[in-house]
Amino acid sequence: MDEAKLDARSSQGLVNRAEMVDQQFGDRQDVDTQGGDAAGRDIHKSTIINIIVPNGESGSSQRVIQELLQILGRSDSVESIGKAYRSSLPPDSQVSRPRTDSSEEIVTQLQEFGKLSEFVGRLVQDQNLPQSSREQLEKLMPQPNPPAPVQTTQELQSYLLVVLEPDPGTDRFFANAWLVPDDTVQDPLTRFVQLDLAEDQKGKSCSLDQVSEVIGEFLIQSEDYLFDRADYYNLTIEVFLPRDYLTTGVEFWEILDPVDDTPLPIGTKYSVLVRSHERTQRKYLRLYRKQWRTQWDRVKQSLAAIPSCEMFEHLDRLEAFNEKILTTSLQTKLGLKLTCSPNAKHKEFFTSLLKAAVPIAIWSRCSLPDLAAEIDTLLTSGSLMELLERIRQKRWEAPSDCEHHLGHHLTILWEDLDRLPPLTELQQPGQ
């Protein structure tokens, strides 16, 4: 029997739309087709379907679809079907957790996104499905090559970006957030998922004291999104703060532990780093982007290496530092280590960091004994890529009754130029 690949356009018995209504297959996805169904199908045309059908006849594709629907209809594991469906959707689908109509709707939507083969592959690998159903599904996959195994051990590097935009004339902020589910995805159309706390508005107005609660809500959305798509992921929180707030102990902002509802500092559960709100602005990027790019590319080339102490410019006092000298010295460095508290002259110091387009800076919010030696140990005890995890571990180790432990005061500024929010002019509530 000859074999040919099934084109989704020849499956004439199904509904050609992406709407979804309530029924039994788990959480509904609000799908963003980035410009309409036709555009979405064109984008994925080369990978639309990978299921083999006999004879290459135009009607055979419909028969294969009917076989798939019969298998899904006989399955006694609705949860497995729902999980495979959600995991197979492209990263740019928007999640608001309603429900799908039926297995016909699932198959039609995944056809249009070019994800039907991935969906079947996930079901074949699901041990919760009956063996007989998995064997029947496997026969629909391309032969003689076996179906590609689902990558359950590969850890996604994910990022929650929270940007605090000052509300002029007040002490409040507009909080906007984006999730980067997979940092290896570089297409700007699919790289970022905007998180909205209310359906009718963008952004959230809050005071500094309310930011931790807002971040907790963004974290729930992020974890739900990732939970439905990956078994292994590492989520890092990046907080973009105005220059005057860069000394804020953001890692102490608390969320509620889901086990017993006790407060939990986010810096002990997640890697938390600060970034400059000013660097999200077009007026900054126009003048400093090239300089920032040169320095960040140097960091990227060194991520897998163990840095030496000399690869970071060292400042041990702020009274005499010179902005021009600092900018010149950083042209050959990976970043800056500050072994004194920046509080005394923090505004001038952080202004210099912005003008020097420093990609990495590490400091303590207060002066501590042996601070220089401790920071050097952090920087050189593993690869640069693992620095954020070493800092998270340091924060976790800090005893609550030891005020002088570095984990209580440690801040890391990590300015990845390739991970900027997609909007340089951020939205205020209602816009």
# chains A, B, ... in the order shown; residues from 1 in each chain; ligands from 1
call {"tool": "select_by_dssp", "arguments": {"residues": "range 277-428 of chain A", "states": "helix (DSSP H, G or I)", "output": "ChimeraX atom specification"}}
result
/A:277-280,282-301,309-311,323-332,346-356,371-380,384-397,406-408
call {"tool": "write_last_selection", "arguments": {"atoms": "C-alpha atoms", "output": "short mmCIF file (atom, residue, chain, number, x, y, z; two decimals), in the first residue's frame"}}
result
data_model
loop_
_atom_site.label_atom_id
_atom_site.label_comp_id
_atom_site.auth_asym_id
_atom_site.auth_seq_id
_atom_site.Cartn_x
_atom_site.Cartn_y
_atom_site.Cartn_z
CA HIS A 277 12.97 50.16 34.20
CA GLU A 278 14.82 52.93 32.35
CA ARG A 279 16.35 50.36 29.99
CA THR A 280 12.90 49.44 28.67
CA ARG A 282 13.03 53.83 23.71
CA LYS A 283 14.82 57.05 24.62
CA TYR A 284 17.45 55.02 26.51
CA LEU A 285 17.79 52.36 23.81
CA ARG A 286 18.32 54.94 21.07
CA LEU A 287 21.55 56.14 22.67
CA TYR A 288 22.89 53.12 24.59
CA ARG A 289 21.66 50.00 22.79
CA LYS A 290 24.83 49.51 20.71
CA GLN A 291 27.08 49.79 23.77
CA TRP A 292 24.80 47.46 25.72
CA ARG A 293 24.78 44.93 22.85
CA THR A 294 28.56 44.80 22.71
CA GLN A 295 28.84 44.15 26.43
CA TRP A 296 25.98 41.65 26.61
CA ASP A 297 27.41 39.65 23.70
CA ARG A 298 30.64 39.37 25.69
CA VAL A 299 28.63 37.93 28.59
CA LYS A 300 26.86 35.42 26.32
CA GLN A 301 30.19 34.10 25.07
CA CYS A 309 37.66 37.70 39.91
CA GLU A 310 39.45 39.92 37.40
CA MET A 311 36.59 39.59 34.90
CA GLU A 323 31.83 57.72 35.73
CA LYS A 324 34.16 58.01 32.72
CA ILE A 325 36.79 55.77 34.29
CA LEU A 326 34.13 53.21 35.17
CA THR A 327 32.73 53.19 31.64
CA THR A 328 36.20 52.75 30.15
CA SER A 329 37.21 49.93 32.49
CA LEU A 330 33.98 48.02 31.84
CA GLN A 331 34.69 47.81 28.12
CA THR A 332 36.70 44.64 28.71
CA HIS A 346 22.86 55.12 45.20
CA LYS A 347 21.31 57.57 42.72
CA GLU A 348 24.65 58.67 41.29
CA PHE A 349 25.91 55.09 41.28
CA PHE A 350 22.91 53.67 39.42
CA THR A 351 22.97 56.57 36.96
CA SER A 352 26.53 55.56 36.14
CA LEU A 353 25.49 51.92 35.69
CA LEU A 354 22.90 53.03 33.15
CA LYS A 355 25.31 55.22 31.23
CA ALA A 356 27.95 52.49 31.23
CA LEU A 371 32.11 40.97 51.85
CA ALA A 372 34.70 41.06 49.05
CA ALA A 373 35.79 37.47 49.70
CA GLU A 374 32.20 36.19 49.83
CA ILE A 375 31.24 37.85 46.57
CA ASP A 376 34.39 36.55 44.88
CA THR A 377 33.49 33.04 46.04
CA LEU A 378 30.00 33.38 44.60
CA LEU A 379 31.32 34.58 41.27
CA THR A 380 34.04 31.95 40.85
CA LEU A 384 28.54 32.25 35.01
CA MET A 385 25.33 30.61 33.78
CA GLU A 386 24.80 29.06 37.23
CA LEU A 387 25.40 32.31 39.15
CA LEU A 388 21.70 33.07 39.64
CA GLU A 389 21.08 29.65 41.18
CA ARG A 390 24.06 30.08 43.51
CA ILE A 391 22.58 33.38 44.66
CA ARG A 392 19.16 31.78 45.22
CA GLN A 393 20.81 29.07 47.29
CA LYS A 394 22.68 31.71 49.32
CA ARG A 395 19.38 33.40 50.11
CA TRP A 396 17.82 30.08 51.06
CA GLU A 397 20.68 29.29 53.45
CA LEU A 406 25.04 37.85 52.95
CA GLY A 407 21.91 36.00 51.80
CA HIS A 408 19.76 38.64 53.50
#
call {"tool": "select_by_dssp", "arguments": {"residues": "range 71-317 of chain A", "states": "strand (DSSP E)", "output": "PyMOL selection string"}}
result
chain A and resi 94-95+156-166+172-180+193-195+204-207+233-241+254-256+263-265+271-276+312-315
call {"tool": "atom_distance", "arguments": {"atom1": "CA of Ser302 in chain A", "atom2": "CA of Pro188 in chain A"}}
result
24.6 Å
call {"tool": "residues_around", "arguments": {"residues": "Ala175 in chain A", "least_positions_apart": "4", "cutoff": "6 Å", "atoms": "only C-alpha atoms", "output": "PyMOL selection string"}}
result
chain A and resi 163-164+203-204
call {"tool": "closest_residue", "arguments": {"among": "A:Pro342, A:Gly249, A:Pro90, A:Gly335", "to": "Leu318 in chain A", "atoms": "only C-alpha atoms"}}
result
A:Pro342
call {"tool": "residues_around", "arguments": {"residues": "Glu135 in chain A", "least_positions_apart": "4", "cutoff": "8 Å", "atoms": "only C-alpha atoms", "output": "VMD selection string"}}
result
chain A and resid 124 131 139
call {"tool": "atom_distance", "arguments": {"atom1": "CA of Val274 in chain A", "atom2": "CA of Arg243 in chain A"}}
result
10.4 Å
call {"tool": "closest_residue", "arguments": {"among": "A:Thr268, A:Gln62, A:Ser77, A:Thr236", "to": "Val107 in chain A", "atoms": "only C-alpha atoms"}}
result
A:Gln62
